[in-house]
$ cat my_file_11.txt   # compact mmCIF, C-alpha atoms and all ligand atoms
# COMPACT_ATOMS: atom_id res chain seq x y z
CA MET H 1 2.25 36.73 -1.79
CA ILE H 2 2.37 33.35 -0.04
CA PRO H 3 5.93 32.16 -0.70
CA ILE H 4 6.64 28.66 -2.05
CA ALA H 5 9.33 28.17 0.62
CA LYS H 6 10.36 29.87 3.85
CA PRO H 7 12.92 28.68 6.40
CA ILE H 8 11.96 28.93 10.08
CA LEU H 9 14.81 30.22 12.23
CA GLY H 10 14.55 31.16 15.88
CA GLU H 11 16.21 31.64 19.24
CA CYS H 12 18.21 28.41 19.11
CA GLU H 13 19.84 29.43 15.82
CA ARG H 14 20.49 32.98 17.06
CA LYS H 15 22.06 31.74 20.30
CA LYS H 16 24.25 29.08 18.69
CA ILE H 17 25.49 31.43 15.96
CA MET H 18 26.47 33.97 18.63
CA GLU H 19 28.33 31.23 20.53
CA VAL H 20 30.30 30.42 17.40
CA LEU H 21 31.09 34.08 16.78
CA ASP H 22 32.23 34.49 20.38
CA SER H 23 34.39 31.37 20.15
CA GLY H 24 36.12 32.61 16.99
CA VAL H 25 36.11 29.05 15.61
CA LEU H 26 34.54 29.80 12.25
CA ALA H 27 35.67 26.96 10.01
CA LEU H 28 36.01 23.35 11.22
CA GLY H 29 34.92 23.08 14.84
CA SER H 30 33.16 21.02 17.46
CA TYR H 31 29.68 21.76 16.08
CA VAL H 32 30.63 20.22 12.75
CA GLU H 33 31.55 16.97 14.42
CA LYS H 34 28.48 17.06 16.62
CA PHE H 35 26.18 17.75 13.68
CA GLU H 36 27.65 14.88 11.65
CA LYS H 37 27.16 12.53 14.59
CA ARG H 38 23.60 13.61 15.38
CA PHE H 39 22.43 13.70 11.79
CA SER H 40 23.86 10.29 10.91
CA GLU H 41 22.33 8.83 14.08
CA TYR H 42 18.98 10.39 13.24
CA ILE H 43 18.92 8.87 9.75
CA GLY H 44 20.36 5.55 10.88
CA ALA H 45 23.79 5.46 9.25
CA ARG H 46 27.13 4.85 10.94
CA TYR H 47 29.20 7.69 9.41
CA GLY H 48 28.42 11.26 8.41
CA VAL H 49 30.68 13.59 6.40
CA SER H 50 29.39 17.14 6.11
CA THR H 51 30.02 19.23 2.99
CA THR H 52 29.39 22.65 1.49
CA SER H 53 26.22 21.66 -0.41
CA GLY H 54 24.07 18.82 -1.65
CA THR H 55 25.82 19.15 -4.99
CA SER H 56 29.31 18.69 -3.53
CA ALA H 57 28.01 15.79 -1.41
CA LEU H 58 26.80 14.00 -4.57
CA CYS H 59 30.02 14.69 -6.43
CA ILE H 60 32.13 13.28 -3.59
CA ALA H 61 29.89 10.25 -3.03
CA LEU H 62 30.38 9.27 -6.68
CA LYS H 63 34.13 9.82 -6.45
CA ALA H 64 34.25 7.72 -3.30
CA ILE H 65 32.84 4.68 -5.13
CA GLY H 66 35.37 5.25 -7.90
CA ILE H 67 33.20 6.77 -10.65
CA GLY H 68 35.58 8.22 -13.24
CA GLU H 69 36.21 8.62 -16.96
CA GLU H 70 33.29 7.26 -19.03
CA ASP H 71 31.78 5.30 -16.14
CA ARG H 72 28.04 5.00 -16.56
CA VAL H 73 25.65 5.87 -13.77
CA LEU H 74 21.92 5.33 -14.11
CA THR H 75 19.64 8.04 -12.73
CA THR H 76 16.31 9.80 -13.15
CA PRO H 77 15.63 12.34 -15.90
CA PHE H 78 13.19 14.13 -13.58
CA SER H 79 15.14 15.88 -10.84
CA PHE H 80 17.13 18.99 -10.06
CA ILE H 81 20.08 19.30 -12.46
CA ALA H 82 22.63 18.70 -9.66
CA THR H 83 21.68 15.02 -9.54
CA ALA H 84 22.96 14.28 -13.04
CA ASN H 85 25.64 16.98 -13.06
CA SER H 86 27.37 15.27 -10.15
CA ILE H 87 28.04 12.36 -12.54
CA LEU H 88 29.50 14.77 -15.13
CA TYR H 89 31.78 16.32 -12.51
CA CYS H 90 33.43 12.89 -12.16
CA ASN H 91 33.73 12.63 -15.97
CA GLY H 92 31.14 9.87 -15.80
CA ARG H 93 28.24 9.39 -18.17
CA PRO H 94 24.68 9.84 -16.87
CA GLU H 95 22.17 7.32 -18.22
CA PHE H 96 18.48 7.89 -17.71
CA CYS H 97 15.33 5.80 -17.41
CA ASP H 98 11.69 6.81 -17.14
CA ILE H 99 9.72 7.49 -13.97
CA ASP H 100 6.36 6.46 -12.53
CA GLU H 101 3.34 8.59 -13.28
CA GLU H 102 2.06 8.56 -9.70
CA THR H 103 5.23 8.73 -7.58
CA PHE H 104 7.46 10.78 -9.94
CA ASN H 105 10.34 8.40 -9.03
CA ILE H 106 12.21 5.99 -11.31
CA THR H 107 10.66 2.52 -11.28
CA PRO H 108 12.31 -0.85 -10.60
CA GLU H 109 11.00 -2.10 -13.98
CA ASN H 110 12.69 0.71 -15.91
CA ILE H 111 15.91 0.37 -13.91
CA GLU H 112 16.06 -3.34 -14.58
CA GLU H 113 15.29 -2.94 -18.28
CA LYS H 114 18.17 -0.49 -18.62
CA LEU H 115 20.60 -2.69 -16.67
CA CYS H 116 19.71 -5.65 -18.89
CA GLN H 117 20.54 -3.64 -21.99
CA ASP H 118 23.76 -2.10 -20.73
CA ASP H 119 26.21 -4.03 -18.57
CA ARG H 120 28.58 -1.07 -18.39
CA ILE H 121 26.43 0.70 -15.79
CA LYS H 122 28.36 0.81 -12.52
CA ALA H 123 26.01 2.58 -10.15
CA LEU H 124 22.45 3.69 -9.60
CA LEU H 125 21.72 7.20 -8.31
CA ILE H 126 18.12 7.44 -7.12
CA VAL H 127 16.21 10.52 -5.97
CA HIS H 128 13.38 10.45 -3.43
CA LEU H 129 11.65 13.25 -5.28
CA TYR H 130 9.49 15.79 -3.43
CA GLY H 131 10.05 13.81 -0.19
CA LEU H 132 8.51 10.53 -1.39
CA PRO H 133 10.73 7.43 -0.95
CA CYS H 134 11.51 5.23 -3.96
CA ASP H 135 10.49 1.56 -4.03
CA MET H 136 13.48 0.49 -1.91
CA LYS H 137 12.77 -3.20 -1.50
CA ARG H 138 12.83 -3.89 -5.22
CA ILE H 139 15.61 -1.40 -5.92
CA LEU H 140 17.88 -3.02 -3.31
CA ARG H 141 17.19 -6.45 -4.80
CA ILE H 142 18.10 -5.20 -8.29
CA CYS H 143 21.34 -3.60 -7.07
CA ARG H 144 22.37 -6.85 -5.40
CA GLU H 145 21.43 -8.92 -8.41
CA TYR H 146 23.32 -6.75 -10.90
CA LYS H 147 26.14 -5.99 -8.45
CA ILE H 148 25.99 -2.23 -8.84
CA ARG H 149 26.46 0.46 -6.22
CA LEU H 150 23.51 2.47 -4.93
CA ILE H 151 23.60 6.16 -4.06
CA GLU H 152 20.55 7.91 -2.65
CA ASP H 153 19.93 11.59 -3.40
CA CYS H 154 17.96 12.54 -0.29
CA ALA H 155 18.16 16.31 -0.88
CA GLN H 156 14.35 16.49 -0.67
CA ALA H 157 13.69 13.73 1.82
CA HIS H 158 15.12 14.44 5.29
CA GLY H 159 13.19 12.19 7.65
CA ALA H 160 11.17 10.37 4.97
CA GLU H 161 10.62 6.68 5.71
CA TYR H 162 10.21 3.50 3.72
CA ARG H 163 8.60 0.71 5.79
CA GLY H 164 9.64 2.45 9.00
CA ARG H 165 13.24 3.00 7.98
CA ARG H 166 14.58 6.44 7.08
CA VAL H 167 15.78 7.05 3.55
CA GLY H 168 19.49 7.70 3.45
CA SER H 169 20.12 4.45 5.32
CA PHE H 170 19.66 2.13 2.31
CA GLY H 171 22.37 3.04 -0.20
CA ASP H 172 26.12 2.47 -0.18
CA LEU H 173 26.15 6.23 0.29
CA SER H 174 23.43 8.85 0.63
CA CYS H 175 23.50 12.60 0.13
CA PHE H 176 21.55 15.41 1.74
CA SER H 177 21.26 19.13 1.05
CA PHE H 178 20.61 21.82 3.64
CA TYR H 179 19.76 24.63 1.25
CA PRO H 180 17.22 27.12 2.73
CA THR H 181 14.26 25.71 0.75
CA LYS H 182 14.81 22.12 1.98
CA ASN H 183 13.09 20.42 4.91
CA MET H 184 15.90 21.69 7.17
CA THR H 185 18.68 24.19 6.46
CA THR H 186 22.21 25.30 7.27
CA GLY H 187 22.16 28.10 4.65
CA GLU H 188 24.24 26.24 2.13
CA GLY H 189 25.40 22.80 3.21
CA GLY H 190 25.25 19.08 2.65
CA MET H 191 26.03 15.68 4.15
CA ILE H 192 27.15 12.27 2.94
CA LEU H 193 26.13 9.23 4.99
CA THR H 194 27.39 5.65 4.82
CA ASN H 195 27.78 2.52 6.92
CA ASN H 196 31.07 1.69 5.21
CA GLU H 197 34.13 2.91 7.10
CA GLU H 198 36.36 2.91 4.02
CA LEU H 199 33.90 4.90 1.93
CA ALA H 200 33.51 7.36 4.81
CA GLU H 201 37.27 7.78 5.01
CA ASN H 202 37.41 8.31 1.25
CA CYS H 203 34.76 11.03 1.43
CA ARG H 204 36.51 12.64 4.37
CA MET H 205 39.71 12.89 2.35
CA TYR H 206 38.03 14.14 -0.83
CA ILE H 207 36.36 17.04 0.96
CA ASN H 208 39.66 18.10 2.53
CA HIS H 209 42.29 18.21 -0.23
CA GLY H 210 43.01 14.50 -0.12
CA MET H 211 44.57 14.75 3.33
CA ARG H 212 44.55 12.17 6.08
CA GLU H 213 47.67 13.51 7.69
CA ARG H 214 48.28 17.24 7.72
CA TYR H 215 49.86 18.47 4.46
CA ARG H 216 50.25 15.00 3.05
CA HIS H 217 48.00 14.90 -0.04
CA GLU H 218 47.18 11.41 -1.28
CA MET H 219 44.71 12.32 -4.01
CA LEU H 220 43.18 15.27 -5.81
CA GLY H 221 40.69 16.51 -3.24
CA PHE H 222 38.64 19.65 -2.79
CA ASN H 223 37.81 22.15 -0.12
CA TYR H 224 34.21 21.13 0.49
CA ARG H 225 34.26 21.43 4.29
CA MET H 226 31.21 22.61 6.20
CA THR H 227 31.79 25.50 8.60
CA ASN H 228 31.09 25.64 12.32
CA LEU H 229 28.49 28.38 11.64
CA GLN H 230 26.59 26.12 9.25
CA ALA H 231 26.77 23.18 11.65
CA ALA H 232 25.45 25.37 14.49
CA LEU H 233 22.34 26.07 12.41
CA GLY H 234 22.11 22.39 11.49
CA LEU H 235 22.05 21.26 15.11
CA CYS H 236 19.10 23.56 15.86
CA GLN H 237 17.26 22.65 12.67
CA LEU H 238 17.70 18.91 13.24
CA GLU H 239 15.95 19.25 16.60
CA LYS H 240 13.00 20.81 14.79
CA LEU H 241 12.97 18.56 11.73
CA ASP H 242 10.29 16.12 12.95
CA GLY H 243 8.04 19.04 13.89
CA PHE H 244 8.61 20.72 10.52
CA ASN H 245 7.83 17.49 8.68
CA GLU H 246 4.70 16.92 10.76
CA ARG H 247 3.46 20.36 9.71
CA ARG H 248 4.25 19.63 6.06
CA ILE H 249 2.32 16.35 6.27
CA GLN H 250 -0.67 18.05 7.95
CA ASN H 251 -0.62 20.88 5.39
CA ALA H 252 -0.51 18.37 2.55
CA LYS H 253 -3.42 16.48 4.08
CA PHE H 254 -5.49 19.66 4.28
CA LEU H 255 -4.68 20.57 0.68
CA SER H 256 -5.50 17.09 -0.63
CA GLU H 257 -8.77 16.86 1.31
CA ASN H 258 -9.88 20.13 -0.20
CA LEU H 259 -8.51 19.79 -3.71
CA GLU H 260 -9.00 16.13 -4.56
CA LEU H 261 -12.41 16.55 -6.17
CA ILE H 262 -11.31 19.27 -8.58
CA GLU H 263 -11.44 17.87 -12.09
CA PHE H 264 -8.65 19.86 -13.72
CA LEU H 265 -5.96 18.58 -11.36
CA GLU H 266 -4.67 15.48 -9.58
CA THR H 267 -3.44 15.62 -5.97
CA PRO H 268 -0.26 13.76 -4.88
CA HIS H 269 -0.39 9.99 -4.60
CA LEU H 270 0.41 8.49 -1.20
CA PRO H 271 1.70 4.90 -1.41
CA ARG H 272 1.26 2.63 1.59
CA ASN H 273 4.23 1.84 3.84
CA VAL H 274 5.99 5.16 3.34
CA LYS H 275 6.29 8.44 5.20
CA HIS H 276 6.20 11.19 2.56
CA VAL H 277 7.73 14.36 4.03
CA PHE H 278 6.36 16.71 1.35
CA HIS H 279 9.38 18.74 0.47
CA GLN H 280 7.00 19.73 -2.31
CA TYR H 281 3.26 19.35 -2.69
CA THR H 282 3.03 18.72 -6.41
CA ILE H 283 -0.20 18.51 -8.36
CA LYS H 284 -0.66 17.36 -11.97
CA LEU H 285 -2.77 19.58 -14.19
CA ASN H 286 -5.17 18.38 -16.84
CA VAL H 287 -5.47 21.92 -18.23
CA GLU H 288 -2.97 24.21 -19.89
CA ARG H 289 -0.41 25.24 -17.25
CA ASP H 290 0.49 28.84 -18.14
CA GLY H 291 -3.04 30.12 -17.57
CA PHE H 292 -3.22 28.42 -14.19
CA LEU H 293 0.16 29.80 -13.11
CA GLU H 294 -0.90 33.28 -14.11
CA HIS H 295 -4.04 32.88 -12.02
CA LEU H 296 -1.93 31.87 -8.99
CA SER H 297 0.40 34.83 -9.44
CA ARG H 298 -2.45 37.30 -9.81
CA SER H 299 -4.08 35.90 -6.67
CA GLY H 300 -0.95 36.05 -4.49
CA VAL H 301 -0.18 32.34 -4.28
CA GLY H 302 3.47 31.47 -4.87
CA TYR H 303 4.25 28.28 -6.76
CA GLY H 304 7.12 26.34 -8.28
CA VAL H 305 7.49 24.22 -11.39
CA TYR H 306 9.84 21.38 -10.48
CA TYR H 307 10.88 20.77 -13.19
CA PRO H 308 9.76 22.39 -16.46
CA ARG H 309 11.94 20.08 -18.58
CA THR H 310 13.71 16.80 -18.07
CA ILE H 311 17.47 16.74 -17.58
CA PRO H 312 18.28 15.22 -21.02
CA GLN H 313 16.22 18.02 -22.58
CA GLN H 314 18.24 20.76 -20.86
CA PRO H 315 20.39 22.85 -23.24
CA LEU H 316 23.56 21.60 -21.49
CA TYR H 317 22.64 17.96 -22.07
CA ARG H 318 21.47 18.60 -25.63
CA LYS H 319 24.90 20.08 -26.31
CA LEU H 320 26.50 16.96 -24.86
CA GLY H 321 24.56 14.88 -27.36
CA TYR H 322 21.66 13.77 -25.20
CA ASP H 323 18.20 14.04 -26.69
CA GLU H 324 16.32 11.20 -25.11
CA LYS H 325 12.57 11.49 -24.76
CA PHE H 326 10.64 9.82 -21.97
CA LYS H 327 6.95 9.11 -22.23
CA ILE H 328 6.07 9.84 -18.61
CA ALA H 329 8.77 12.31 -17.54
CA ASP H 330 8.32 14.57 -20.57
CA ASP H 331 4.56 14.60 -20.08
CA LEU H 332 4.84 15.39 -16.35
CA ALA H 333 7.36 18.16 -16.97
CA LYS H 334 4.57 19.96 -18.81
CA ARG H 335 1.90 19.29 -16.18
CA VAL H 336 3.39 19.64 -12.67
CA VAL H 337 2.91 22.58 -10.34
CA SER H 338 4.02 22.71 -6.71
CA LEU H 339 1.91 24.65 -4.22
CA PRO H 340 3.19 26.02 -0.89
CA VAL H 341 3.22 23.31 1.80
CA HIS H 342 6.04 24.52 4.08
CA PRO H 343 5.69 24.65 7.89
CA ALA H 344 5.50 28.46 8.04
CA LEU H 345 2.04 28.49 6.39
CA SER H 346 -0.82 29.75 8.55
CA GLU H 347 -4.35 28.37 8.51
CA GLU H 348 -5.41 31.43 6.52
CA ASP H 349 -2.64 30.79 4.00
CA LEU H 350 -3.85 27.21 3.52
CA GLU H 351 -7.46 28.32 3.12
CA LYS H 352 -6.41 30.94 0.62
CA ILE H 353 -4.45 28.41 -1.44
CA VAL H 354 -7.49 26.11 -1.53
CA SER H 355 -9.90 28.87 -2.50
CA VAL H 356 -7.63 30.36 -5.16
CA VAL H 357 -7.00 26.96 -6.75
CA SER H 358 -10.70 25.99 -6.54
CA ASN H 359 -11.82 29.25 -8.13
CA TYR H 360 -9.80 28.83 -11.27
CA ARG H 361 -12.09 29.28 -14.29
CA LYS H 362 -15.25 29.70 -12.26
C1 LIG M 1 18.61 20.72 -3.81
C2 LIG M 1 18.95 19.48 -4.51
C3 LIG M 1 20.27 19.12 -4.80
C4 LIG M 1 21.45 20.03 -4.60
O1 LIG M 1 21.59 20.55 -3.36
P1 LIG M 1 22.40 21.94 -3.15
O2 LIG M 1 22.59 21.99 -1.68
O3 LIG M 1 21.50 23.01 -3.66
O4 LIG M 1 23.66 21.85 -3.90
C5 LIG M 1 20.50 17.88 -5.38
N1 LIG M 1 19.50 17.05 -5.68
C6 LIG M 1 18.21 17.37 -5.46
C7 LIG M 1 17.15 16.38 -5.79
C8 LIG M 1 17.89 18.60 -4.88
O5 LIG M 1 16.61 18.91 -4.68
$ encode --input "my_file_11.txt" --output "structure tokens"
Amino acid sequence: MIPIAKPILGECERKKIMEVLDSGVLALGSYVEKFEKRFSEYIGARYGVSTTSGTSALCIALKAIGIGEEDRVLTTPFSFIATANSILYCNGRPEFCDIDEETFNITPENIEEKLCQDDRIKALLIVHLYGLPCDMKRILRICREYKIRLIEDCAQAHGAEYRGRRVGSFGDLSCFSFYPTKNMTTGEGGMILTNNEELAENCRMYINHGMRERYRHEMLGFNYRMTNLQAALGLCQLEKLDGFNERRIQNAKFLSENLELIEFLETPHLPRNVKHVFHQYTIKLNVERDGFLEHLSRSGVGYGVYYPRTIPQQPLYRKLGYDEKFKIADDLAKRVVSLPVHPALSEEDLEKIVSVVSNYRK
């Protein structure tokens, strides 16, 4: 079976992990600081605060801008559940607006429509889904005009660029995940980036029990600190990130060149002026999905369905009283399939994926 995701770990990781073990510094340590510095420099943000996961990074970013009881945050209905859940963790209220059919991201038009209708919305939480940057120019203009905060969920977009600038450098804060299926990994892990010193300091306190000074607790914080072991992996993976992304882009190109003429599917759209880093290679089907998925399974091609239902249609959200339907997002939730695109694929793997997909119903 060709897996849908596979981390690539090597000598660098092995060596650095052994160094950490030998040093005995397992929790906070010099690699954590170094990783925060290198990663924030790479993305183009002044401050980096590492965390235990992408989820905890999102939760803390929202706390840092003061999201609390009943505060409304606008986000996409088409993402991993953690995006919207992070708003719930702060006792805030997620609000959703529809996405674009081609990019899978929320659109400036829909964001603006929602902000016009509801002046209680305090922040916008965008997701660069599958590694494709949102329409940043128009989104930044809207945030300025309506005076709302912007948080970027970059959990799928390490190294993605919008007009030559890396995503994660646009928002008031941005959040990354280093889960093993992402474009780079630390096992579990996450990072918050910002250019704002005060917000950085806030995040730093929230992830460490509200402490600035030792054992003086100024607010209700958490233990969301990254470990030295995770950071050691992160330093190695960051060195390889551009190479990994290049492979993803080449793999996606090969798949699109060979699949674009097939009538029962649509290959991913590539807008101009962006670098799409293909966390996922997601096609849209024009045929019934279950049969196609069964064909992939039988033929040894792994796949993912990201995501089979929108967030407001999840049982948790239904129970909370959400039941919103979205024309585009609900339709896409029924039609998307992600094929393997990760950097560990061989040429034979890629050819097999193409031939298995092409041979469906022939
Ligand atoms: C993976 C992911 C997260 C959560 O990251 P974890 O490290 O798994 O907690 C959040 N948002 C999106 C869009 C993701 O893909």
$ closest_residue --input "my_file_11.txt" --among "H:Ile126, H:Cys154, H:Leu26, H:Val337" --to "Ala84 in chain H" --atoms "only C-alpha atoms"
H:Ile126
$ residues_around --input "my_file_11.txt" --residues "Phe254 in chain H" --least-positions-apart "2" --cutoff "10 Å" --atoms "all atoms listed in the file" --output "PDB file with C-alpha atoms, in the frame of the given file"
ATOM      1  CA  ARG H 248       4.250  19.630   6.060  1.00  0.00           C
ATOM      2  CA  ILE H 249       2.320  16.350   6.270  1.00  0.00           C
ATOM      3  CA  GLN H 250      -0.670  18.050   7.950  1.00  0.00           C
ATOM      4  CA  ASN H 251      -0.620  20.880   5.390  1.00  0.00           C
ATOM      5  CA  ALA H 252      -0.510  18.370   2.550  1.00  0.00           C
ATOM      6  CA  SER H 256      -5.500  17.090  -0.630  1.00  0.00           C
ATOM      7  CA  GLU H 257      -8.770  16.860   1.310  1.00  0.00           C
ATOM      8  CA  ASN H 258      -9.880  20.130  -0.200  1.00  0.00           C
ATOM      9  CA  LEU H 259      -8.510  19.790  -3.710  1.00  0.00           C
ATOM     10  CA  VAL H 341       3.220  23.310   1.800  1.00  0.00           C
ATOM     11  CA  GLU H 347      -4.350  28.370   8.510  1.00  0.00           C
ATOM     12  CA  LEU H 350      -3.850  27.210   3.520  1.00  0.00           C
ATOM     13  CA  GLU H 351      -7.460  28.320   3.120  1.00  0.00           C
ATOM     14  CA  VAL H 354      -7.490  26.110  -1.530  1.00  0.00           C
TER      15      VAL H 354
END
$ closest_residue --input "my_file_11.txt" --among "H:Leu233, H:Leu129, H:Leu58, H:Leu220" --to "Ser177 in chain H" --atoms "only C-alpha atoms"
H:Leu58
$ closest_atom_pairs --input "my_file_11.txt" --of "chain H" --to "ligand LIG 1 (chain M)" --cutoff "7 Å" --atoms "only C-alpha atoms and all ligand atoms" --output "Markdown table"
| residue | atom | partner | partner_atom | distance |
| --- | --- | --- | --- | --- |
| H:Ser53 | CA | M:LIG1 | O2 | 3.9 |
| H:Gly54 | CA | M:LIG1 | O1 | 3.5 |
| H:Thr55 | CA | M:LIG1 | O4 | 3.6 |
| H:Ser56 | CA | M:LIG1 | O4 | 6.5 |
| H:Ser79 | CA | M:LIG1 | C7 | 5.5 |
| H:Phe80 | CA | M:LIG1 | C6 | 5.0 |
| H:Ala82 | CA | M:LIG1 | C5 | 4.9 |
| H:Thr83 | CA | M:LIG1 | N1 | 4.9 |
| H:Val127 | CA | M:LIG1 | C7 | 5.9 |
| H:Leu129 | CA | M:LIG1 | C7 | 6.3 |
| H:Asp153 | CA | M:LIG1 | N1 | 5.9 |
| H:Cys154 | CA | M:LIG1 | C7 | 6.8 |
| H:Ala155 | CA | M:LIG1 | C8 | 4.6 |
| H:Gln156 | CA | M:LIG1 | O5 | 5.2 |
| H:Ser177 | CA | M:LIG1 | O2 | 4.2 |
| H:Phe178 | CA | M:LIG1 | O2 | 5.7 |
| H:Tyr179 | CA | M:LIG1 | O2 | 4.9 |
| H:Glu188 | CA | M:LIG1 | O2 | 5.9 |
| H:Gly189 | CA | M:LIG1 | O2 | 5.7 |
| H:Gly190 | CA | M:LIG1 | O2 | 5.9 |
$ closest_residue --input "my_file_11.txt" --among "H:Leu229, H:His279, H:Pro271, H:Asn286" --to "Ser30 in chain H" --atoms "only C-alpha atoms"
H:Leu229
$ closest_atom_pairs --input "my_file_11.txt" --of "range 15-117 of chain H" --to "range 193-200 of chain H" --cutoff "6 Å" --atoms "only C-alpha atoms" --output "tab-separated table"
residue	atom	partner	partner_atom	distance
H:Ala45	CA	H:Asn195	CA	5.5
H:Arg46	CA	H:Asn195	CA	4.7
H:Tyr47	CA	H:Thr194	CA	5.3
H:Gly48	CA	H:Leu193	CA	4.6
H:Ala64	CA	H:Leu199	CA	6.0
$ atom_distance --input "my_file_11.txt" --atom1 "CA of Arg361 in chain H" --atom2 "CA of Ala5 in chain H"
26.1 Å
$ atom_distance --input "my_file_11.txt" --atom1 "CA of Met211 in chain H" --atom2 "CA of Ile192 in chain H"
17.6 Å
$ residues_around --input "my_file_11.txt" --residues "Gly29 in chain H" --least-positions-apart "4" --cutoff "10 Å" --atoms "all atoms listed in the file" --output "MDAnalysis selection string"
chainID H and resid 20 23:25 33:34 226:229 231:232
$ residues_near_point --input "my_file_11.txt" --point "(23.3, 29.8, 19.4)" --cutoff "12 Å" --atoms "only C-alpha atoms" --output "number ranges by chain"
H: 9-23, 31, 228-237
$ closest_residue --input "my_file_11.txt" --among "H:Ala329, H:Ile81, H:Ile353, H:Leu132" --to "Leu270 in chain H" --atoms "all atoms listed in the file"
H:Leu132
$ build_atoms --input "my_file_11.txt" --residues "range 3-8 of chain H" --atoms "all heavy atoms" --output "PDB file, keeping the file's coordinate frame"
ATOM      1  N   PRO H   3       4.732  32.682  -0.028  1.00  0.00           N
ATOM      2  CA  PRO H   3       5.930  32.160  -0.700  1.00  0.00           C
ATOM      3  C   PRO H   3       5.896  30.639  -0.832  1.00  0.00           C
ATOM      4  O   PRO H   3       5.247  29.966  -0.031  1.00  0.00           O
ATOM      5  CB  PRO H   3       7.082  32.598   0.218  1.00  0.00           C
ATOM      6  CG  PRO H   3       6.463  32.694   1.566  1.00  0.00           C
ATOM      7  CD  PRO H   3       5.028  33.103   1.364  1.00  0.00           C
ATOM      8  N   ILE H   4       6.584  30.118  -1.830  1.00  0.00           N
ATOM      9  CA  ILE H   4       6.640  28.660  -2.050  1.00  0.00           C
ATOM     10  C   ILE H   4       7.531  27.991  -1.004  1.00  0.00           C
ATOM     11  O   ILE H   4       7.389  26.811  -0.716  1.00  0.00           O
ATOM     12  CB  ILE H   4       7.098  28.332  -3.502  1.00  0.00           C
ATOM     13  CG1 ILE H   4       7.141  26.820  -3.767  1.00  0.00           C
ATOM     14  CG2 ILE H   4       8.421  28.965  -3.841  1.00  0.00           C
ATOM     15  CD1 ILE H   4       5.826  26.117  -3.821  1.00  0.00           C
ATOM     16  N   ALA H   5       8.457  28.736  -0.412  1.00  0.00           N
ATOM     17  CA  ALA H   5       9.330  28.170   0.620  1.00  0.00           C
ATOM     18  C   ALA H   5       9.727  29.262   1.593  1.00  0.00           C
ATOM     19  O   ALA H   5       9.827  30.431   1.203  1.00  0.00           O
ATOM     20  CB  ALA H   5      10.579  27.564  -0.008  1.00  0.00           C
ATOM     21  N   LYS H   6       9.920  28.888   2.854  1.00  0.00           N
ATOM     22  CA  LYS H   6      10.360  29.870   3.850  1.00  0.00           C
ATOM     23  C   LYS H   6      10.996  29.135   5.023  1.00  0.00           C
ATOM     24  O   LYS H   6      10.321  28.383   5.718  1.00  0.00           O
ATOM     25  CB  LYS H   6       9.160  30.684   4.326  1.00  0.00           C
ATOM     26  CG  LYS H   6       9.551  31.831   5.211  1.00  0.00           C
ATOM     27  CD  LYS H   6       8.341  32.624   5.644  1.00  0.00           C
ATOM     28  CE  LYS H   6       8.759  33.729   6.590  1.00  0.00           C
ATOM     29  NZ  LYS H   6       7.617  34.330   7.262  1.00  0.00           N
ATOM     30  N   PRO H   7      12.303  29.358   5.258  1.00  0.00           N
ATOM     31  CA  PRO H   7      12.920  28.680   6.400  1.00  0.00           C
ATOM     32  C   PRO H   7      12.415  29.278   7.723  1.00  0.00           C
ATOM     33  O   PRO H   7      12.089  30.464   7.779  1.00  0.00           O
ATOM     34  CB  PRO H   7      14.415  28.971   6.215  1.00  0.00           C
ATOM     35  CG  PRO H   7      14.483  30.194   5.366  1.00  0.00           C
ATOM     36  CD  PRO H   7      13.245  30.212   4.524  1.00  0.00           C
ATOM     37  N   ILE H   8      12.344  28.443   8.758  1.00  0.00           N
ATOM     38  CA  ILE H   8      11.960  28.930  10.080  1.00  0.00           C
ATOM     39  C   ILE H   8      13.192  28.907  10.969  1.00  0.00           C
ATOM     40  O   ILE H   8      13.762  27.853  11.237  1.00  0.00           O
ATOM     41  CB  ILE H   8      10.851  28.046  10.695  1.00  0.00           C
ATOM     42  CG1 ILE H   8       9.610  28.045   9.791  1.00  0.00           C
ATOM     43  CG2 ILE H   8      10.502  28.524  12.102  1.00  0.00           C
ATOM     44  CD1 ILE H   8       8.468  27.176  10.295  1.00  0.00           C
TER      45      ILE H   8
END
